[in-house]
file input04.txt (compact mmCIF, C-alpha atoms)
# COMPACT_ATOMS: atom_id res chain seq x y z
CA MET F 1088 94.72 118.30 103.08
CA GLN F 1089 96.12 121.80 103.17
CA GLY F 1090 94.16 124.53 101.38
CA GLY F 1091 96.74 124.90 98.62
CA THR F 1092 96.58 121.16 97.87
CA VAL F 1093 92.79 121.24 97.65
CA GLN F 1094 92.86 124.21 95.28
CA GLU F 1095 95.43 122.52 93.06
CA LYS F 1096 93.35 119.34 92.77
CA LEU F 1097 90.21 121.37 92.08
CA SER F 1098 91.96 123.21 89.26
CA HIS F 1099 93.04 119.86 87.76
CA TYR F 1100 89.43 118.61 87.81
CA LYS F 1101 88.20 121.81 86.16
CA GLU F 1102 90.84 121.55 83.43
CA PHE F 1103 89.75 118.00 82.64
CA ALA F 1104 86.08 119.05 82.60
CA THR F 1105 86.97 121.83 80.14
CA PHE F 1106 88.77 119.28 77.97
CA LEU F 1107 85.65 117.07 77.88
CA LYS F 1108 83.49 120.11 76.86
CA GLN F 1109 80.28 118.40 78.03
CA ASP F 1110 78.92 115.97 80.58
CA VAL F 1111 79.69 112.37 79.62
CA PHE F 1112 79.02 108.90 80.97
CA ILE F 1113 81.85 107.51 83.05
CA ASP F 1114 82.57 104.66 80.61
CA VAL F 1115 83.48 107.26 77.98
CA ILE F 1116 86.66 107.96 79.97
CA THR F 1117 88.69 105.17 78.39
CA PRO F 1118 92.44 104.57 78.71
CA GLN F 1119 92.88 106.00 75.20
CA LEU F 1120 91.05 109.21 76.09
CA ALA F 1121 93.07 109.44 79.30
CA LYS F 1122 96.33 109.05 77.35
CA THR F 1123 95.22 111.70 74.86
CA TYR F 1124 94.41 114.18 77.62
CA ILE F 1125 97.71 113.64 79.45
CA ALA F 1126 99.61 113.94 76.15
CA GLU F 1127 97.97 117.33 75.47
CA THR F 1128 98.66 118.37 79.07
CA ASN F 1129 102.31 117.46 78.61
CA GLN F 1130 102.52 119.84 75.64
CA GLN F 1131 100.95 122.66 77.65
CA HIS F 1132 102.49 122.19 81.10
CA GLY F 1133 105.49 119.93 80.58
CA ALA F 1134 106.24 116.52 82.07
CA LYS F 1135 105.98 117.57 85.70
CA GLY F 1136 102.64 119.32 85.19
CA ALA F 1137 101.24 116.39 83.23
CA ASN F 1138 102.33 113.89 85.88
CA ARG F 1139 100.76 115.92 88.68
CA ARG F 1140 97.45 116.00 86.84
CA LEU F 1141 97.71 112.29 86.12
CA GLN F 1142 98.28 111.66 89.81
CA THR F 1143 95.24 113.77 90.76
CA LEU F 1144 92.88 112.07 88.32
CA LYS F 1145 94.12 108.58 89.12
CA ALA F 1146 93.52 109.25 92.83
CA CYS F 1147 90.02 110.59 92.10
CA TRP F 1148 89.05 107.38 90.32
CA ASN F 1149 90.60 105.30 93.12
CA TRP F 1150 88.40 107.07 95.65
CA HIS F 1151 85.37 105.74 93.73
CA LYS F 1152 86.73 102.27 92.93
CA GLY F 1153 83.69 100.71 94.63
CA ASN F 1154 81.46 102.20 91.91
CA ILE F 1155 83.88 102.33 88.98
CA PRO F 1156 85.27 98.89 88.01
CA ASN F 1157 88.32 100.10 86.07
CA ASN F 1158 90.63 103.05 86.49
CA PRO F 1159 91.68 104.24 83.00
CA TRP F 1160 94.35 106.53 84.47
CA SER F 1161 96.24 103.57 85.94
CA LEU F 1162 97.11 102.52 82.37
CA VAL F 1163 98.71 105.87 81.52
CA GLN F 1164 102.47 105.94 81.98
CA PRO F 1165 103.90 109.09 83.58
CA TYR F 1166 106.39 111.12 81.60
CA PRO F 1167 110.06 111.02 82.57
CA GLU F 1168 111.07 114.17 84.43
CA GLU F 1169 114.46 115.81 84.46
CA ASP F 1170 116.09 115.92 87.86
CA TYR F 1171 115.57 119.31 89.45
CA ILE F 1172 118.55 120.59 91.41
CA LYS F 1173 117.41 123.05 94.05
CA TYR F 1174 119.66 126.07 94.46
CA VAL F 1175 121.19 126.23 97.92
CA PRO F 1176 122.78 129.56 98.91
CA ASN F 1177 126.31 129.68 100.22
CA ASN F 1178 127.41 131.02 103.58
CA GLU F 1179 128.47 134.37 102.16
CA ASP F 1180 125.14 135.07 100.43
CA VAL F 1181 123.12 134.12 103.51
CA GLY F 1182 125.30 136.47 105.55
CA LYS F 1183 124.71 139.34 103.10
CA VAL F 1184 120.95 138.86 103.34
CA LEU F 1185 121.08 138.82 107.13
CA ASN F 1186 123.13 142.02 107.20
CA ILE F 1187 120.47 144.05 105.36
CA ALA F 1188 117.38 142.45 106.93
CA GLU F 1189 115.17 144.44 109.26
CA SER F 1190 115.00 143.27 112.87
CA TRP F 1191 111.76 141.27 112.43
CA GLU F 1192 113.05 139.71 109.24
CA LYS F 1193 116.34 138.80 110.89
CA GLU F 1194 114.49 137.12 113.78
CA ILE F 1195 112.61 134.92 111.33
CA LEU F 1196 115.70 134.06 109.29
CA LEU F 1197 117.91 133.36 112.31
CA PHE F 1198 115.24 131.11 113.78
CA LEU F 1199 115.01 129.14 110.54
CA LEU F 1200 118.79 128.84 110.47
CA SER F 1201 118.81 127.70 114.10
CA THR F 1202 116.31 124.93 113.52
CA GLY F 1203 116.08 124.02 109.84
CA ALA F 1204 112.33 124.44 110.36
CA ARG F 1205 109.71 124.91 107.67
CA ILE F 1206 108.34 128.45 107.52
CA GLY F 1207 104.86 127.16 108.41
CA GLU F 1208 106.26 125.44 111.51
CA LEU F 1209 107.83 128.70 112.61
CA PHE F 1210 104.61 130.68 112.26
CA ASN F 1211 102.64 127.96 114.10
CA LEU F 1212 105.01 128.03 117.09
CA LYS F 1213 103.18 128.87 120.32
CA TRP F 1214 104.60 129.98 123.66
CA ILE F 1215 103.17 126.84 125.24
CA ASP F 1216 105.66 124.88 123.10
CA VAL F 1217 108.68 126.89 124.31
CA ASN F 1218 110.47 125.55 127.39
CA PHE F 1219 113.30 127.81 128.54
CA GLU F 1220 114.03 125.63 131.57
CA ARG F 1221 114.74 122.55 129.46
CA SER F 1222 116.12 124.53 126.51
CA THR F 1223 113.71 122.91 124.06
CA ILE F 1224 110.88 123.84 121.71
CA ILE F 1225 108.21 121.73 120.05
CA LEU F 1226 107.53 122.19 116.35
CA TRP F 1227 104.34 120.94 114.72
CA THR F 1228 103.83 119.90 111.12
CA ARG F 1229 100.88 118.66 109.06
CA LYS F 1230 103.04 117.13 106.33
CA ARG F 1231 101.78 113.66 107.17
CA LYS F 1232 99.32 111.31 105.53
CA GLY F 1233 95.78 112.45 106.20
CA GLY F 1234 96.94 115.89 107.31
CA ASN F 1235 97.59 114.68 110.86
CA ARG F 1236 99.66 116.98 113.04
CA GLN F 1237 102.93 115.58 114.33
CA SER F 1238 105.39 117.11 116.74
CA ARG F 1239 109.11 116.92 117.15
CA LEU F 1240 111.28 118.13 120.02
CA MET F 1241 114.02 120.57 119.07
CA PRO F 1242 117.08 121.66 121.05
CA MET F 1243 117.34 125.35 121.90
CA GLY F 1244 120.78 126.74 121.19
CA GLY F 1245 122.15 130.02 122.51
CA LYS F 1246 121.23 132.08 119.45
CA MET F 1247 117.71 130.69 119.35
CA ARG F 1248 117.32 131.39 123.08
CA ASN F 1249 118.35 135.02 122.55
CA ILE F 1250 115.67 135.43 119.88
CA LEU F 1251 112.96 133.80 121.97
CA GLU F 1252 113.87 135.71 125.13
CA SER F 1253 113.75 138.99 123.23
CA LEU F 1254 110.35 138.12 121.76
CA SER F 1255 109.13 137.01 125.18
CA GLU F 1256 110.12 140.31 126.80
CA ASN F 1257 108.19 142.29 124.17
CA LYS F 1258 105.12 140.06 123.80
CA VAL F 1259 101.68 141.34 124.69
CA ASP F 1260 99.72 139.77 127.53
CA ASN F 1261 98.04 136.45 126.70
CA ALA F 1262 99.89 136.21 123.39
CA GLU F 1263 99.50 132.69 121.99
CA PHE F 1264 101.87 132.67 119.03
CA VAL F 1265 105.57 133.48 119.21
CA PHE F 1266 105.93 135.37 115.93
CA ILE F 1267 103.45 138.24 115.73
CA ASN F 1268 103.21 140.88 113.00
CA SER F 1269 103.65 144.14 114.92
CA ARG F 1270 101.66 146.04 112.27
CA THR F 1271 98.56 143.87 112.54
CA GLY F 1272 98.91 142.32 115.99
CA GLN F 1273 98.17 138.94 114.37
CA PRO F 1274 100.36 135.92 113.65
CA TYR F 1275 102.30 135.96 110.40
CA HIS F 1276 101.18 133.81 107.49
CA LYS F 1277 103.46 132.62 104.71
CA LEU F 1278 101.11 134.00 102.04
CA GLN F 1279 101.15 137.54 103.43
CA PRO F 1280 102.99 139.81 100.96
CA CYS F 1281 105.49 140.94 103.60
CA VAL F 1282 106.51 137.31 104.09
CA ARG F 1283 105.87 135.91 100.62
CA TYR F 1284 108.19 138.39 98.92
CA MET F 1285 110.62 138.89 101.81
CA LEU F 1286 113.53 136.83 100.53
CA LYS F 1287 113.06 137.89 96.92
CA ARG F 1288 113.36 141.53 97.98
CA LEU F 1289 116.26 140.89 100.36
CA CYS F 1290 118.19 138.88 97.76
CA GLN F 1291 117.72 141.62 95.16
CA THR F 1292 118.86 144.31 97.61
CA ALA F 1293 121.84 142.24 98.72
CA GLN F 1294 122.63 141.48 95.05
CA VAL F 1295 122.81 137.72 95.56
CA LYS F 1296 121.17 134.88 93.65
CA GLU F 1297 117.56 134.51 94.76
CA PHE F 1298 116.68 131.72 97.18
CA GLY F 1299 113.59 130.90 99.26
CA PHE F 1300 112.73 129.80 102.76
CA HIS F 1301 112.86 126.11 101.88
CA ALA F 1302 116.38 126.55 100.52
CA LEU F 1303 117.44 127.50 104.05
CA ARG F 1304 116.51 123.98 105.21
CA HIS F 1305 118.87 122.62 102.57
CA PHE F 1306 121.47 125.16 103.67
CA VAL F 1307 121.25 123.98 107.29
CA ALA F 1308 121.53 120.35 106.22
CA THR F 1309 124.57 120.93 103.99
CA GLN F 1310 126.31 123.02 106.65
CA LEU F 1311 125.78 120.31 109.26
CA MET F 1312 127.01 117.60 106.92
CA SER F 1313 130.07 119.69 106.05
CA SER F 1314 130.91 119.98 109.75
CA GLN F 1315 131.62 116.21 109.81
CA GLN F 1316 130.21 116.16 113.34
CA VAL F 1317 126.72 114.98 112.44
CA ASN F 1318 125.38 111.88 110.73
CA ILE F 1319 122.53 111.64 108.24
CA ALA F 1320 120.19 110.07 110.80
CA GLU F 1321 120.55 113.09 113.09
CA ILE F 1322 119.98 115.55 110.25
CA GLN F 1323 116.81 113.73 109.17
CA GLN F 1324 115.54 113.81 112.73
CA LEU F 1325 116.31 117.52 113.06
CA LEU F 1326 114.46 118.35 109.83
CA GLY F 1327 111.52 116.11 110.68
CA HIS F 1328 111.73 113.95 107.55
CA GLN F 1329 109.70 110.72 107.46
CA ARG F 1330 109.44 108.30 104.54
CA THR F 1331 108.25 104.73 104.15
CA THR F 1332 111.75 103.38 103.64
CA THR F 1333 113.86 101.02 105.68
CA THR F 1334 116.15 103.89 106.62
CA ASP F 1335 113.34 106.03 108.00
CA LEU F 1336 111.81 103.09 109.85
CA TYR F 1337 115.22 102.57 111.43
CA LEU F 1338 115.44 106.26 112.31
CA ARG F 1339 112.09 106.21 114.10
CA SER F 1340 113.15 103.25 116.19
CA LEU F 1341 116.55 104.78 116.87
CA SER F 1342 115.24 108.06 118.38
CA SER F 1343 118.78 109.38 118.79
CA ASN F 1344 119.42 112.35 121.06
CA ILE F 1345 120.08 115.42 118.94
CA SER F 1346 120.49 117.98 121.70
CA HIS F 1347 124.17 118.33 120.79
CA LEU F 1348 123.17 119.72 117.39
CA ALA F 1349 122.22 123.06 118.96
CA ASP F 1350 125.85 123.92 119.75
CA ILE F 1351 127.01 122.76 116.31
CA ILE F 1352 124.35 124.89 114.61
CA ASP F 1353 125.30 127.93 116.70
CA SER F 1354 128.95 127.61 115.76
CA MET F 1355 128.76 126.55 112.13
CA VAL F 1356 125.39 126.97 110.45
CA ILE F 1357 124.52 130.59 111.13
CA PRO F 1358 126.76 132.99 109.21
CA ASN F 1359 128.29 135.91 111.00
CA ASN F 1360 126.20 139.05 110.58
CA LYS F 1361 126.40 142.57 111.85
call {"tool": "encode", "arguments": {"input": "input04.txt", "output": "structure tokens"}}
result
Amino acid sequence: MQGGTVQEKLSHYKEFATFLKQDVFIDVITPQLAKTYIAETNQQHGAKGANRRLQTLKACWNWHKGNIPNNPWSLVQPYPEEDYIKYVPNNEDVGKVLNIAESWEKEILLFLLSTGARIGELFNLKWIDVNFERSTIILWTRKRKGGNRQSRLMPMGGKMRNILESLSENKVDNAEFVFINSRTGQPYHKLQPCVRYMLKRLCQTAQVKEFGFHALRHFVATQLMSSQQVNIAEIQQLLGHQRTTTTDLYLRSLSSNISHLADIIDSMVIPNNK
């Protein structure tokens, strides 16, 4: 698991321990007590927060099912959640943000717009995974069961090539990672203040509705779909989505060639900027 996931689960366990107030025998944790706790959590944190804590505690008991005969949390029904509609910026607002971004910020944003990559995938990109000859890059993600790393091959369009060639010309000897913070000489991390608050600051300065890095993945997907030149299977492959559904199983067996998406992204996804 990623560090953030571990910390979230740990906080859920501590909250439940605080609720109990004292050490208790395991058989004291009955379905009724579990329902009471989740009901109180719903009042404090809302349906989504209550359901996340229910999921954490249910999983904890499942890990110990060899020693605990019954899982009281499995009898607690999750609360219905309202559909959350993620805000996706329009072409004009993305262009305004690009126009005021500093050079290093623009490199990061243009790369995300060229690939639809997750910000973590961008910062984990190494020069060994960049192939100028074949016009491809390899992105790695840990968003898989068990935290296993998985790669996907991405086409390198003209705009992405320009960014990578510029970074390659200015890289220090023996540099491992592509995106390096010039102030520290170390790779960027998404929790660093300069990165964490980048888009919030840029959106405020550009006077546009605030959006985050993940919204840019949605932006890329909607722009590609609007082009009417790309099908859903190709977009899912580009974004690296995998789910245990018939559609995704079909996509994995299809392994369609998405190299043509690079030209479409260059021409349609990335807004014009000065």
call {"tool": "residues_near_point", "arguments": {"input": "input04.txt", "point": "(116.9, 125.3, 111.7)", "cutoff": "7 Å", "atoms": "all atoms listed in the file", "output": "list in words"}}
result
Phe1198, Leu1199, Leu1200, Ser1201, Thr1202, Gly1203, Ala1204, Arg1304 and Val1307 of chain F
call {"tool": "residues_near_point", "arguments": {"input": "input04.txt", "point": "(119.2, 140.8, 101.4)", "cutoff": "9 Å", "atoms": "all atoms listed in the file", "output": "PyMOL selection string"}}
result
chain F and resi 1180-1188+1285-1295
call {"tool": "write_last_selection", "arguments": {"input": "input04.txt", "atoms": "C-alpha atoms", "output": "PDB file, keeping the file's coordinate frame"}}
result
ATOM      1  CA  ASP F1180     125.140 135.070 100.430  1.00  0.00           C
ATOM      2  CA  VAL F1181     123.120 134.120 103.510  1.00  0.00           C
ATOM      3  CA  GLY F1182     125.300 136.470 105.550  1.00  0.00           C
ATOM      4  CA  LYS F1183     124.710 139.340 103.100  1.00  0.00           C
ATOM      5  CA  VAL F1184     120.950 138.860 103.340  1.00  0.00           C
ATOM      6  CA  LEU F1185     121.080 138.820 107.130  1.00  0.00           C
ATOM      7  CA  ASN F1186     123.130 142.020 107.200  1.00  0.00           C
ATOM      8  CA  ILE F1187     120.470 144.050 105.360  1.00  0.00           C
ATOM      9  CA  ALA F1188     117.380 142.450 106.930  1.00  0.00           C
ATOM     10  CA  MET F1285     110.620 138.890 101.810  1.00  0.00           C
ATOM     11  CA  LEU F1286     113.530 136.830 100.530  1.00  0.00           C
ATOM     12  CA  LYS F1287     113.060 137.890  96.920  1.00  0.00           C
ATOM     13  CA  ARG F1288     113.360 141.530  97.980  1.00  0.00           C
ATOM     14  CA  LEU F1289     116.260 140.890 100.360  1.00  0.00           C
ATOM     15  CA  CYS F1290     118.190 138.880  97.760  1.00  0.00           C
ATOM     16  CA  GLN F1291     117.720 141.620  95.160  1.00  0.00           C
ATOM     17  CA  THR F1292     118.860 144.310  97.610  1.00  0.00           C
ATOM     18  CA  ALA F1293     121.840 142.240  98.720  1.00  0.00           C
ATOM     19  CA  GLN F1294     122.630 141.480  95.050  1.00  0.00           C
ATOM     20  CA  VAL F1295     122.810 137.720  95.560  1.00  0.00           C
TER      21      VAL F1295
END
call {"tool": "atom_distance", "arguments": {"input": "input04.txt", "atom1": "CA of Gly1136 in chain F", "atom2": "CA of Thr1309 in chain F"}}
result
28.9 Å
call {"tool": "atom_distance", "arguments": {"input": "input04.txt", "atom1": "CA of Val1175 in chain F", "atom2": "CA of Ala1302 in chain F"}}
result
5.5 Å
call {"tool": "residues_around", "arguments": {"input": "input04.txt", "residues": "range 1105-1110 of chain F", "least_positions_apart": "6", "cutoff": "12 Å", "atoms": "only C-alpha atoms", "output": "list in words"}}
result
Ser1098, His1099, Ile1116, Leu1120, Ala1121, Thr1123, Tyr1124, Ile1125, Glu1127 and Thr1128 of chain F
call {"tool": "closest_residue", "arguments": {"input": "input04.txt", "among": "F:Ser1190, F:Leu1278, F:Ile1225, F:Tyr1284", "to": "Phe1298 in chain F", "atoms": "only C-alpha atoms"}}
result
F:Tyr1284
call {"tool": "closest_residue", "arguments": {"input": "input04.txt", "among": "F:Val1282, F:Thr1143, F:Asn1149, F:Glu1263", "to": "Val1093 in chain F", "atoms": "all atoms listed in the file"}}
result
F:Thr1143
call {"tool": "atom_distance", "arguments": {"input": "input04.txt", "atom1": "CA of Thr1228 in chain F", "atom2": "CA of Glu1208 in chain F"}}
result
6.1 Å
call {"tool": "closest_residue", "arguments": {"input": "input04.txt", "among": "F:Arg1205, F:Pro1118, F:Lys1152, F:Pro1165", "to": "Lys1135 in chain F", "atoms": "only C-alpha atoms"}}
result
F:Pro1165
call {"tool": "closest_residue", "arguments": {"input": "input04.txt", "among": "F:Asp1114, F:Asp1260, F:Glu1252, F:Glu1220", "to": "Asn1154 in chain F", "atoms": "all atoms listed in the file"}}
result
F:Asp1114
call {"tool": "closest_residue", "arguments": {"input": "input04.txt", "among": "F:Tyr1166, F:Tyr1100, F:Trp1160, F:Val1259", "to": "Ala1126 in chain F", "atoms": "all atoms listed in the file"}}
result
F:Tyr1166
call {"tool": "axis_aligned_box", "arguments": {"input": "input04.txt", "around": "range 1115-1126 of chain F", "padding_each_side": "6 Å", "output": "AutoDock Vina command-line options"}}
result
--center_x 91.5 --center_y 109.4 --center_z 77.4 --size_x 28.1 --size_y 21.6 --size_z 17.1
